[in-house]
$ cat protein23.cif   # mmCIF, C-alpha atoms and all ligand atoms
data_run
loop_
_atom_site.label_atom_id
_atom_site.label_comp_id
_atom_site.auth_asym_id
_atom_site.auth_seq_id
_atom_site.Cartn_x
_atom_site.Cartn_y
_atom_site.Cartn_z
CA MET A 1 111.86 67.72 52.01
CA GLN A 2 115.51 68.79 52.27
CA THR A 3 114.71 72.49 52.58
CA THR A 4 113.26 72.22 56.09
CA GLN A 5 116.20 70.16 57.33
CA ALA A 6 118.75 72.61 55.99
CA PHE A 7 116.77 75.65 57.08
CA PRO A 8 118.09 77.15 60.34
CA SER A 9 115.29 77.60 62.88
CA LYS A 10 115.04 80.91 64.71
CA LEU A 11 113.17 79.08 67.47
CA PRO A 12 114.89 75.70 67.68
CA ASN A 13 113.40 74.84 71.06
CA VAL A 14 109.82 75.65 70.21
CA GLY A 15 107.25 73.07 69.15
CA THR A 16 103.47 73.26 68.89
CA THR A 17 102.06 74.94 72.00
CA ILE A 18 100.77 72.73 74.79
CA PHE A 19 97.36 74.42 74.45
CA THR A 20 97.02 73.19 70.88
CA VAL A 21 98.35 69.75 71.78
CA MET A 22 95.99 69.20 74.73
CA SER A 23 92.91 70.64 73.05
CA LYS A 24 93.51 68.34 70.07
CA LEU A 25 93.99 65.34 72.34
CA ALA A 26 90.77 66.24 74.17
CA ALA A 27 88.90 66.53 70.86
CA ASP A 28 90.36 63.28 69.50
CA THR A 29 89.48 61.34 72.65
CA GLY A 30 86.16 63.07 73.41
CA ALA A 31 87.47 64.21 76.82
CA LEU A 32 86.08 67.11 78.86
CA ASN A 33 88.45 69.89 77.90
CA LEU A 34 89.65 71.84 80.93
CA SER A 35 93.05 72.41 79.32
CA GLN A 36 93.27 75.42 76.97
CA GLY A 37 91.91 78.59 78.54
CA TYR A 38 88.63 79.45 76.88
CA PRO A 39 84.95 79.33 77.83
CA ASN A 40 82.75 76.52 76.49
CA PHE A 41 79.73 78.85 76.69
CA ASN A 42 78.73 81.62 74.34
CA THR A 43 79.18 85.35 74.57
CA ASP A 44 76.28 87.74 75.18
CA PRO A 45 73.79 87.75 72.24
CA VAL A 46 73.66 91.55 72.59
CA LEU A 47 77.35 91.71 71.64
CA ILE A 48 76.83 89.32 68.72
CA GLU A 49 73.99 91.48 67.46
CA LEU A 50 76.20 94.58 67.71
CA VAL A 51 78.80 92.91 65.45
CA ALA A 52 76.09 91.99 62.92
CA LYS A 53 74.81 95.55 63.04
CA ALA A 54 78.30 96.99 62.49
CA MET A 55 78.66 94.72 59.46
CA ARG A 56 75.25 95.74 58.09
CA ASP A 57 76.16 99.39 58.67
CA GLY A 58 79.11 98.92 56.32
CA HIS A 59 82.00 98.82 58.80
CA ASN A 60 83.78 96.15 56.78
CA GLN A 61 86.96 97.80 55.49
CA TYR A 62 90.33 98.45 57.11
CA ALA A 63 90.16 100.13 60.47
CA PRO A 64 92.61 102.95 61.21
CA MET A 65 96.02 101.55 62.18
CA PRO A 66 95.77 102.40 65.94
CA GLY A 67 92.14 101.22 66.21
CA VAL A 68 88.76 102.84 65.49
CA PRO A 69 88.48 106.12 67.43
CA VAL A 70 85.23 105.19 69.20
CA LEU A 71 86.80 102.04 70.61
CA ARG A 72 89.92 103.85 71.77
CA GLU A 73 87.66 106.41 73.41
CA ALA A 74 85.62 103.65 75.08
CA ILE A 75 88.81 101.98 76.36
CA ALA A 76 89.95 105.33 77.80
CA GLN A 77 86.63 105.72 79.60
CA LYS A 78 86.63 102.19 80.95
CA THR A 79 90.22 102.61 82.15
CA ALA A 80 89.38 105.87 83.90
CA ARG A 81 86.32 104.27 85.48
CA CYS A 82 88.14 101.17 86.72
CA TYR A 83 91.50 102.61 87.72
CA ASN A 84 91.05 106.36 87.79
CA VAL A 85 93.93 106.81 85.36
CA ALA A 86 93.72 108.88 82.17
CA TYR A 87 95.10 107.69 78.83
CA ASN A 88 94.83 109.79 75.70
CA PRO A 89 92.99 107.76 73.03
CA GLU A 90 94.80 109.62 70.25
CA THR A 91 98.34 109.02 71.40
CA GLU A 92 98.38 106.41 74.16
CA ILE A 93 95.93 103.63 73.20
CA THR A 94 96.40 101.08 70.41
CA VAL A 95 93.99 98.28 69.53
CA THR A 96 95.80 95.02 68.77
CA THR A 97 95.15 91.51 67.49
CA GLY A 98 94.62 90.10 70.95
CA ALA A 99 96.96 90.53 73.87
CA THR A 100 99.39 88.22 72.09
CA GLU A 101 100.13 90.78 69.41
CA ALA A 102 100.37 93.60 71.96
CA ILE A 103 102.94 91.60 73.96
CA TYR A 104 104.89 90.69 70.83
CA ALA A 105 104.88 94.27 69.54
CA ALA A 106 105.87 95.71 72.94
CA ILE A 107 108.76 93.26 73.32
CA THR A 108 109.87 94.00 69.77
CA THR A 109 109.67 97.72 70.48
CA VAL A 110 111.95 97.57 73.52
CA VAL A 111 114.36 94.65 73.23
CA GLN A 112 117.58 95.03 71.27
CA PRO A 113 120.20 92.37 70.52
CA ASP A 114 123.30 94.43 71.06
CA ARG A 115 122.54 97.75 72.70
CA SER A 116 125.28 97.62 75.33
CA ALA A 117 127.85 95.03 74.27
CA GLY A 118 125.43 92.11 74.48
CA PRO A 119 121.76 91.26 74.32
CA ASP A 120 119.17 93.15 76.37
CA GLU A 121 118.03 91.06 79.31
CA VAL A 122 114.37 90.60 80.16
CA ILE A 123 113.15 89.44 83.57
CA VAL A 124 110.47 86.77 83.22
CA PHE A 125 108.65 85.33 86.23
CA GLU A 126 108.15 81.59 86.00
CA PRO A 127 105.84 79.77 85.59
CA ALA A 128 105.31 82.04 82.57
CA TYR A 129 102.77 82.30 79.80
CA ASP A 130 104.25 80.69 76.71
CA SER A 131 104.41 83.61 74.28
CA TYR A 132 106.86 85.78 76.23
CA VAL A 133 110.14 83.93 75.77
CA PRO A 134 109.92 83.24 72.01
CA ALA A 135 109.11 86.91 71.42
CA ILE A 136 112.16 87.95 73.48
CA GLU A 137 114.37 85.51 71.57
CA LEU A 138 113.11 86.65 68.16
CA SER A 139 114.26 90.15 69.10
CA GLY A 140 117.69 88.82 70.05
CA GLY A 141 117.08 89.40 73.76
CA LYS A 142 117.96 87.12 76.64
CA PRO A 143 115.27 85.94 79.07
CA VAL A 144 116.37 85.90 82.71
CA PHE A 145 114.12 83.75 84.84
CA VAL A 146 112.82 84.40 88.33
CA SER A 147 111.15 81.28 89.60
CA LEU A 148 108.10 81.47 91.86
CA ASP A 149 109.19 78.29 93.56
CA ALA A 150 105.94 77.02 94.92
CA PRO A 151 103.44 77.93 92.23
CA GLY A 152 101.21 80.59 93.73
CA SER A 153 103.67 81.82 96.31
CA ALA A 154 104.54 85.48 96.68
CA ILE A 155 107.36 87.16 94.79
CA ASP A 156 110.73 87.20 96.54
CA TRP A 157 112.01 90.65 95.62
CA ASN A 158 115.50 89.90 96.89
CA VAL A 159 115.75 87.24 94.22
CA VAL A 160 114.49 89.68 91.58
CA ARG A 161 117.01 92.32 92.64
CA GLY A 162 119.78 89.73 92.41
CA LYS A 163 118.94 89.10 88.75
CA ILE A 164 119.25 92.71 87.63
CA THR A 165 122.40 93.53 85.65
CA ASP A 166 123.40 96.57 83.63
CA ARG A 167 121.91 94.85 80.59
CA THR A 168 118.45 94.41 82.14
CA ARG A 169 116.02 96.37 80.00
CA LEU A 170 112.54 95.01 80.60
CA ILE A 171 110.43 93.15 83.17
CA ILE A 172 107.32 91.23 82.15
CA VAL A 173 104.53 91.20 84.71
CA ASN A 174 101.30 89.18 84.57
CA THR A 175 98.61 89.91 87.16
CA PRO A 176 96.31 88.07 87.83
CA HIS A 177 98.78 85.40 86.87
CA ASN A 178 98.39 82.49 84.46
CA PRO A 179 98.80 79.73 85.61
CA THR A 180 99.09 80.30 89.40
CA GLY A 181 96.29 82.83 89.89
CA TYR A 182 98.65 85.04 91.93
CA VAL A 183 97.45 88.65 92.20
CA TRP A 184 100.05 91.38 92.62
CA THR A 185 99.89 93.42 95.82
CA THR A 186 100.55 97.14 96.22
CA ASP A 187 103.82 96.15 97.87
CA ASP A 188 104.80 94.28 94.67
CA LEU A 189 104.05 97.44 92.69
CA ASN A 190 106.18 99.55 95.01
CA GLN A 191 109.09 97.10 94.90
CA LEU A 192 108.90 97.03 91.11
CA ALA A 193 108.74 100.82 90.88
CA ASP A 194 111.93 101.11 92.96
CA LEU A 195 113.75 98.78 90.58
CA VAL A 196 112.40 100.49 87.48
CA GLN A 197 113.53 103.85 88.72
CA LYS A 198 116.91 102.72 89.91
CA HIS A 199 117.83 100.75 86.79
CA ASN A 200 115.90 102.68 84.14
CA LEU A 201 113.80 99.67 83.13
CA PHE A 202 110.66 99.24 81.05
CA VAL A 203 107.73 97.02 81.97
CA ILE A 204 105.10 95.04 80.08
CA SER A 205 102.12 94.33 82.29
CA ASP A 206 99.90 91.57 80.96
CA GLU A 207 96.56 92.26 82.65
CA VAL A 208 94.24 90.18 80.46
CA TYR A 209 92.58 88.66 83.57
CA GLU A 210 91.96 92.05 85.22
CA HIS A 211 88.27 91.27 85.85
CA LEU A 212 88.71 87.64 86.91
CA ILE A 213 89.58 88.18 90.53
CA PHE A 214 88.11 86.57 93.63
CA ASP A 215 87.31 86.78 97.33
CA GLU A 216 87.00 90.59 97.35
CA ARG A 217 90.55 91.03 96.06
CA VAL A 218 91.31 94.15 94.04
CA HIS A 219 93.25 94.21 90.80
CA HIS A 220 96.11 96.69 91.14
CA SER A 221 96.90 97.78 87.62
CA LEU A 222 100.47 98.90 87.15
CA MET A 223 99.15 102.09 85.57
CA GLN A 224 97.96 103.15 89.04
CA HIS A 225 101.51 103.70 90.20
CA PRO A 226 102.55 107.08 88.71
CA LEU A 227 106.12 106.05 88.10
CA LEU A 228 105.15 102.72 86.55
CA ARG A 229 102.54 104.38 84.35
CA GLU A 230 105.36 106.26 82.60
CA ARG A 231 107.44 103.13 81.93
CA THR A 232 104.83 100.43 81.32
CA PHE A 233 102.99 98.93 78.35
CA VAL A 234 99.72 97.78 79.95
CA VAL A 235 98.15 95.00 77.88
CA GLY A 236 94.46 94.07 77.96
CA SER A 237 92.20 91.72 76.02
CA PHE A 238 88.47 91.48 75.42
CA GLY A 239 88.82 87.72 74.91
CA LYS A 240 88.65 86.92 78.64
CA THR A 241 86.39 89.77 79.62
CA PHE A 242 83.58 89.10 77.15
CA HIS A 243 83.97 85.33 76.54
CA THR A 244 85.29 85.99 73.02
CA THR A 245 88.77 84.46 72.94
CA GLY A 246 88.32 83.68 69.25
CA TRP A 247 87.91 87.32 68.27
CA LYS A 248 91.50 88.21 69.17
CA ILE A 249 90.92 91.84 70.09
CA GLY A 250 93.25 93.35 72.66
CA TYR A 251 94.92 96.65 73.33
CA CYS A 252 98.02 98.35 74.64
CA LEU A 253 98.10 101.42 76.88
CA ALA A 254 101.41 103.26 77.05
CA PRO A 255 102.74 106.83 77.32
CA THR A 256 102.94 108.79 74.08
CA ASP A 257 106.63 108.25 73.34
CA LEU A 258 106.38 104.50 73.95
CA THR A 259 103.14 104.26 71.97
CA ALA A 260 104.72 106.04 68.99
CA GLU A 261 107.43 103.37 68.81
CA PHE A 262 104.97 100.57 69.60
CA ARG A 263 102.77 101.61 66.68
CA LYS A 264 105.71 101.46 64.27
CA VAL A 265 105.94 97.76 65.06
CA HIS A 266 102.19 97.14 65.28
CA GLN A 267 101.55 98.58 61.85
CA PHE A 268 103.84 96.04 60.23
CA VAL A 269 102.86 93.06 62.33
CA THR A 270 99.18 93.37 61.50
CA PHE A 271 98.46 96.96 60.41
CA SER A 272 94.93 97.06 61.86
CA VAL A 273 92.35 94.93 63.62
CA SER A 274 88.92 93.56 62.60
CA THR A 275 86.67 96.60 62.07
CA PRO A 276 83.12 95.39 62.89
CA MET A 277 84.30 93.80 66.15
CA GLN A 278 85.84 97.11 67.19
CA TYR A 279 82.62 99.04 66.58
CA ALA A 280 80.62 96.42 68.45
CA LEU A 281 82.95 96.44 71.45
CA ALA A 282 82.91 100.25 71.58
CA GLU A 283 79.13 100.20 71.90
CA TYR A 284 79.05 97.26 74.31
CA LEU A 285 81.59 98.90 76.63
CA ARG A 286 79.09 101.65 77.42
CA ASN A 287 77.57 99.25 79.92
CA PRO A 288 79.93 98.29 82.77
CA ALA A 289 77.55 95.60 84.11
CA PRO A 290 78.94 92.68 82.03
CA TYR A 291 82.53 93.12 83.22
CA GLU A 292 81.53 94.12 86.73
CA ALA A 293 79.66 90.81 87.05
CA LEU A 294 82.73 88.72 86.18
CA PRO A 295 84.32 88.26 89.63
CA ALA A 296 81.13 86.75 91.08
CA PHE A 297 80.42 84.76 87.91
CA TYR A 298 83.83 83.09 87.83
CA GLN A 299 84.20 82.77 91.60
CA ARG A 300 81.07 80.62 91.61
CA LYS A 301 82.55 78.44 88.88
CA ARG A 302 85.85 78.12 90.73
CA ASP A 303 84.02 77.11 93.88
CA LEU A 304 81.83 74.62 92.04
CA PHE A 305 84.91 72.94 90.60
CA LEU A 306 86.69 72.95 93.97
CA GLN A 307 83.58 71.59 95.69
CA SER A 308 83.50 68.75 93.19
CA ILE A 309 87.09 67.71 94.02
CA HIS A 310 86.75 68.45 97.71
CA HIS A 311 86.70 64.77 98.70
CA SER A 312 89.47 63.78 96.29
CA ARG A 313 93.15 63.31 97.14
CA PHE A 314 94.20 66.35 95.14
CA GLN A 315 95.49 69.34 97.06
CA PHE A 316 94.85 72.94 96.19
CA VAL A 317 94.72 76.53 97.36
CA PRO A 318 91.76 78.38 95.82
CA SER A 319 92.85 80.47 92.85
CA GLU A 320 93.02 84.22 93.58
CA GLY A 321 92.29 85.22 90.00
CA THR A 322 92.14 84.11 86.30
CA PHE A 323 89.94 81.20 85.22
CA PHE A 324 92.54 78.61 86.17
CA GLN A 325 92.86 76.39 89.21
CA ASN A 326 96.13 74.63 89.95
CA VAL A 327 95.90 71.30 91.67
CA SER A 328 98.73 69.27 93.21
CA TYR A 329 98.80 65.50 92.78
CA ALA A 330 102.07 65.09 94.73
CA GLY A 331 100.26 63.06 97.37
CA ILE A 332 98.87 60.63 94.79
CA THR A 333 101.61 59.74 92.30
CA SER A 334 105.13 60.81 91.38
CA GLU A 335 104.48 60.49 87.65
CA PRO A 336 105.70 63.43 85.47
CA ASP A 337 102.93 66.01 85.09
CA TYR A 338 102.97 65.85 81.29
CA ASP A 339 102.46 62.09 81.31
CA LEU A 340 99.71 62.34 83.88
CA ALA A 341 97.88 65.07 81.93
CA VAL A 342 97.91 62.86 78.83
CA ARG A 343 96.92 59.77 80.81
CA LEU A 344 93.99 61.48 82.55
CA THR A 345 92.74 62.74 79.19
CA ARG A 346 92.85 59.25 77.70
CA ASP A 347 91.79 57.20 80.74
CA ILE A 348 89.15 59.30 82.48
CA GLY A 349 88.33 61.88 79.82
CA VAL A 350 89.51 65.04 81.62
CA ALA A 351 92.09 67.23 79.88
CA SER A 352 94.32 69.65 81.80
CA ILE A 353 97.63 71.47 81.30
CA PRO A 354 100.82 70.20 82.98
CA VAL A 355 102.29 73.24 84.74
CA SER A 356 105.90 72.22 83.94
CA VAL A 357 105.40 73.59 80.40
CA PHE A 358 105.40 77.09 81.91
CA TYR A 359 109.04 76.68 83.03
CA HIS A 360 111.99 76.89 80.60
CA ASP A 361 113.63 73.92 82.35
CA ARG A 362 110.32 72.06 82.76
CA THR A 363 110.40 72.19 86.58
CA ASP A 364 107.80 69.66 87.64
CA HIS A 365 105.92 70.57 90.81
CA LYS A 366 103.44 67.71 90.21
CA THR A 367 100.77 70.23 89.44
CA LEU A 368 98.01 70.32 86.81
CA ARG A 369 96.12 73.41 85.67
CA PHE A 370 92.38 73.18 85.12
CA CYS A 371 90.37 75.87 83.32
CA PHE A 372 87.03 76.44 85.05
CA ALA A 373 85.51 78.64 82.32
CA LYS A 374 83.10 75.80 81.60
CA ASP A 375 79.38 75.17 82.03
CA ASP A 376 78.42 73.81 85.43
CA GLU A 377 77.72 70.29 84.23
CA THR A 378 81.19 69.95 82.69
CA LEU A 379 82.82 71.19 85.90
CA VAL A 380 80.88 68.81 88.11
CA GLN A 381 81.45 65.85 85.79
CA ALA A 382 85.17 66.58 85.55
CA GLY A 383 85.36 66.89 89.33
CA GLU A 384 83.58 63.58 89.84
CA ARG A 385 85.88 61.77 87.42
CA LEU A 386 88.99 63.25 89.04
CA THR A 387 87.76 62.40 92.52
CA ARG A 388 86.95 58.81 91.59
CA TRP A 389 90.32 58.39 89.90
CA SER A 390 92.26 59.83 92.86
CA LEU A 391 90.49 57.59 95.38
CA ASN A 392 91.34 54.52 93.31
CA GLN A 393 95.10 55.18 93.28
N1 LIG A 401 98.43 86.58 78.33
C1 LIG A 401 98.00 85.59 79.12
C2 LIG A 401 98.51 85.48 80.50
C3 LIG A 401 97.07 84.67 78.62
O1 LIG A 401 96.65 83.67 79.39
C4 LIG A 401 96.63 84.80 77.28
C5 LIG A 401 95.70 83.83 76.63
N2 LIG A 401 94.80 83.26 77.20
C6 LIG A 401 97.09 85.86 76.52
C7 LIG A 401 98.01 86.72 77.07
C8 LIG A 401 96.67 86.05 75.10
O2 LIG A 401 95.50 86.76 74.98
P1 LIG A 401 94.79 86.95 73.56
O3 LIG A 401 93.99 85.74 73.31
O4 LIG A 401 93.97 88.19 73.72
O5 LIG A 401 95.88 87.11 72.54
N1 LIG A 402 95.98 81.62 77.26
C1 LIG A 402 95.35 80.37 77.04
C2 LIG A 402 95.80 79.40 78.12
O1 LIG A 402 96.66 79.70 78.90
C3 LIG A 402 95.64 79.75 75.71
C4 LIG A 402 95.92 80.64 74.58
C5 LIG A 402 96.51 79.86 73.44
O2 LIG A 402 96.07 78.76 73.16
N2 LIG A 402 97.49 80.38 72.82
O3 LIG A 402 95.27 78.32 78.16
#

$ encode --input "protein23.cif" --output "structure tokens"
Amino acid sequence: MQTTQAFPSKLPNVGTTIFTVMSKLAADTGALNLSQGYPNFNTDPVLIELVAKAMRDGHNQYAPMPGVPVLREAIAQKTARCYNVAYNPETEITVTTGATEAIYAAITTVVQPDRSAGPDEVIVFEPAYDSYVPAIELSGGKPVFVSLDAPGSAIDWNVVRGKITDRTRLIIVNTPHNPTGYVWTTDDLNQLADLVQKHNLFVISDEVYEHLIFDERVHHSLMQHPLLRERTFVVGSFGKTFHTTGWKIGYCLAPTDLTAEFRKVHQFVTFSVSTPMQYALAEYLRNPAPYEALPAFYQRKRDLFLQSIHHSRFQFVPSEGTFFQNVSYAGITSEPDYDLAVRLTRDIGVASIPVSVFYHDRTDHKTLRFCFAKDDETLVQAGERLTRWSLNQ
């Protein structure tokens, strides 16, 4: 139809996300799907029953715009328990349609197209989760990229400082980091706080993998730094924490003045979030055991996957956090990572994500990302197939 051709795109460089593309290819070819990040096992039946109960109890109409009060209260208590930081459920906590909406709304809240004779600039660490840049562009902002050159390597703060201009308005942080697994250190927090103070910046901290952290590491939430707490939108999601990525329930923690502006956007992006799920999560959150068990649960899965590719020709450093493991195939073939991901899905029935899609210029470090949120049999089978393939090259 003519209309689409003549219609100017607001996101001319965006296609269907790689996660959709690879999951569809995996489904079409019957491959083991270690691409898109979601568990292939079910959530706790206790949580499912709590949703059914909330529905039976009549919690089936619009929730209040910022989220049901009992859930906001439960999030405040969990946050205090985990990080010893207080947020006021009335004025500083908003329940959102997944972390994706919280990130979109926070970017929309802060970024302006022409605040100081040009677009606001937003520092984005690459490789970067795919929703950040389109959201910045839709607000008329300009992404400024800081590349973590070897995926998984530490942040070079001299490089970050060199990218700050008088238009820099926002920095987007993701810890633990998708796709590298990098976990921010207290030194990273201190370096960031210095910059934020000096240049009057805001921060969005995407902490959806807060409980997926390994080898006795500790998640340092940005809220724990007093200065950052006052300038940061901390974003969480129950999708990763309770194996419910399809529920799309997340939240945003931010100081009162930021939350007031954030809610103005949130209420017109989605207004409010699924009511029975919110009641169920509020009740379920009373018990810390399910989220406290996550580091050990996922560390075992990571190790099972790594064990199963131990004798392969792939190279890897064990992931520090998230449910992703990056694997280098540089020693096996020089093929582009996208082509290899498609080929492995078709030829050996193992789907992954090519890490180049997390870079605006498609930097190809010959690295594939595998999601290990899978049952043990799938992980072992995938590992065996990958090992066999690598030894035959
Ligand atoms: N941020 C990161 C880093 C993610 O990996 C994801 C999705 N897996 C999200 C945000 C989106 O979370 P949600 O599904 O809660 O929208
Ligand atoms: N965050 C998930 C991943 O990185 C995917 C989420 C999505 O499909 N949008 O795989």

$ closest_residue --input "protein23.cif" --among "A:Thr185, A:Ser352, A:Gln307, A:Gln299" --to "ligand LIG 402 (chain A)" --atoms "all atoms listed in the file"
A:Ser352

$ closest_residue --input "protein23.cif" --among "A:Asp347, A:Glu101, A:Glu90, A:Asp206" --to "A:Arg385" --atoms "all atoms listed in the file"
A:Asp347

$ closest_residue --input "protein23.cif" --among "A:Val70, A:Leu344, A:Ile103, A:Ala351" --to "A:Val133" --atoms "only C-alpha atoms"
A:Ile103

$ residues_around --input "protein23.cif" --residues "stretch 275-286 of chain A" --least-positions-apart "3" --cutoff "7 Å" --atoms "all atoms listed in the file" --output "VMD selection string"
chain A and resid 47 50 to 51 54 to 55 59 to 63 68 70 to 71 74

$ write_last_selection --input "protein23.cif" --atoms "C-alpha atoms" --output "CSV table (one decimal), in the frame of the given file"
chain,number,residue,atom,x,y,z
A,47,LEU,CA,77.4,91.7,71.6
A,50,LEU,CA,76.2,94.6,67.7
A,51,VAL,CA,78.8,92.9,65.4
A,54,ALA,CA,78.3,97.0,62.5
A,55,MET,CA,78.7,94.7,59.5
A,59,HIS,CA,82.0,98.8,58.8
A,60,ASN,CA,83.8,96.2,56.8
A,61,GLN,CA,87.0,97.8,55.5
A,62,TYR,CA,90.3,98.4,57.1
A,63,ALA,CA,90.2,100.1,60.5
A,68,VAL,CA,88.8,102.8,65.5
A,70,VAL,CA,85.2,105.2,69.2
A,71,LEU,CA,86.8,102.0,70.6
A,74,ALA,CA,85.6,103.6,75.1

$ residues_near_ligand --input "protein23.cif" --ligand "ligand LIG 402 (chain A)" --cutoff "10 Å" --atoms "all atoms listed in the file" --output "JSON, numbers by chain"
{"A": [17, 18, 19, 20, 21, 22, 23, 34, 35, 36, 37, 38, 99, 100, 128, 129, 130, 131, 178, 179, 208, 239, 240, 245, 246, 322, 323, 324, 352, 353, 358, 369, 370, 371]}

$ closest_residue --input "protein23.cif" --among "A:Ala86, A:Ile164, A:Met223, A:Ala26" --to "A:His199" --atoms "only C-alpha atoms"
A:Ile164

$ closest_residue --input "protein23.cif" --among "A:Val234, A:Ala293, A:Val160, A:Val14" --to "ligand LIG 401 (chain A)" --atoms "all atoms listed in the file"
A:Val234

$ residues_near_point --input "protein23.cif" --point "(113.4, 87.6, 67.4)" --cutoff "9 Å" --atoms "only C-alpha atoms" --output "JSON, numbers by chain"
{"A": [10, 11, 108, 113, 134, 135, 136, 137, 138, 139, 140, 141]}

$ write_last_selection --input "protein23.cif" --atoms "C-alpha atoms" --output "JSON list (two decimals), in the coordinates of the input"
[["chain", "number", "residue", "atom", "x", "y", "z"],
["A", 10, "LYS", "CA", 115.04, 80.91, 64.71],
["A", 11, "LEU", "CA", 113.17, 79.08, 67.47],
["A", 108, "THR", "CA", 109.87, 94.00, 69.77],
["A", 113, "PRO", "CA", 120.20, 92.37, 70.52],
["A", 134, "PRO", "CA", 109.92, 83.24, 72.01],
["A", 135, "ALA", "CA", 109.11, 86.91, 71.42],
["A", 136, "ILE", "CA", 112.16, 87.95, 73.48],
["A", 137, "GLU", "CA", 114.37, 85.51, 71.57],
["A", 138, "LEU", "CA", 113.11, 86.65, 68.16],
["A", 139, "SER", "CA", 114.26, 90.15, 69.10],
["A", 140, "GLY", "CA", 117.69, 88.82, 70.05],
["A", 141, "GLY", "CA", 117.08, 89.40, 73.76]]

$ residues_around --input "protein23.cif" --residues "A:Leu306" --least-positions-apart "6" --cutoff "12 Å" --atoms "only C-alpha atoms" --output "list in words"
Gln299, Arg300, Ser312, Phe314, Gln315, Phe316, Val317, Pro318, Ser319, Phe324, Gln325, Asn326, Val327, Phe370, Cys371, Phe372, Asp376, Leu379, Val380, Ala382, Gly383, Glu384, Leu386 and Thr387 of chain A

$ axis_aligned_box --input "protein23.cif" --around "ligand LIG 401 (chain A)" --padding-each-side "6 Å" --output "AutoDock Vina command-line options"
--center_x 96.2 --center_y 85.7 --center_z 76.5 --size_x 16.5 --size_y 16.9 --size_z 20.0

$ closest_residue --input "protein23.cif" --among "A:Arg81, A:Arg167, A:Lys248, A:His243" --to "ligand LIG 401 (chain A)" --atoms "all atoms listed in the file"
A:Lys248

$ atom_distance --input "protein23.cif" --atom1 "atom CA of A:Thr256" --atom2 "atom CA of A:Arg169"
19.0 Å

$ residues_around --input "protein23.cif" --residues "A:Val196" --least-positions-apart "3" --cutoff "10 Å" --atoms "all atoms listed in the file" --output "list in words"
Arg169, Leu170, Ile171, Asn190, Gln191, Leu192, Ala193, His199, Asn200, Leu201, Phe202, Val203, Leu227, Leu228, Arg231 and Thr232 of chain A
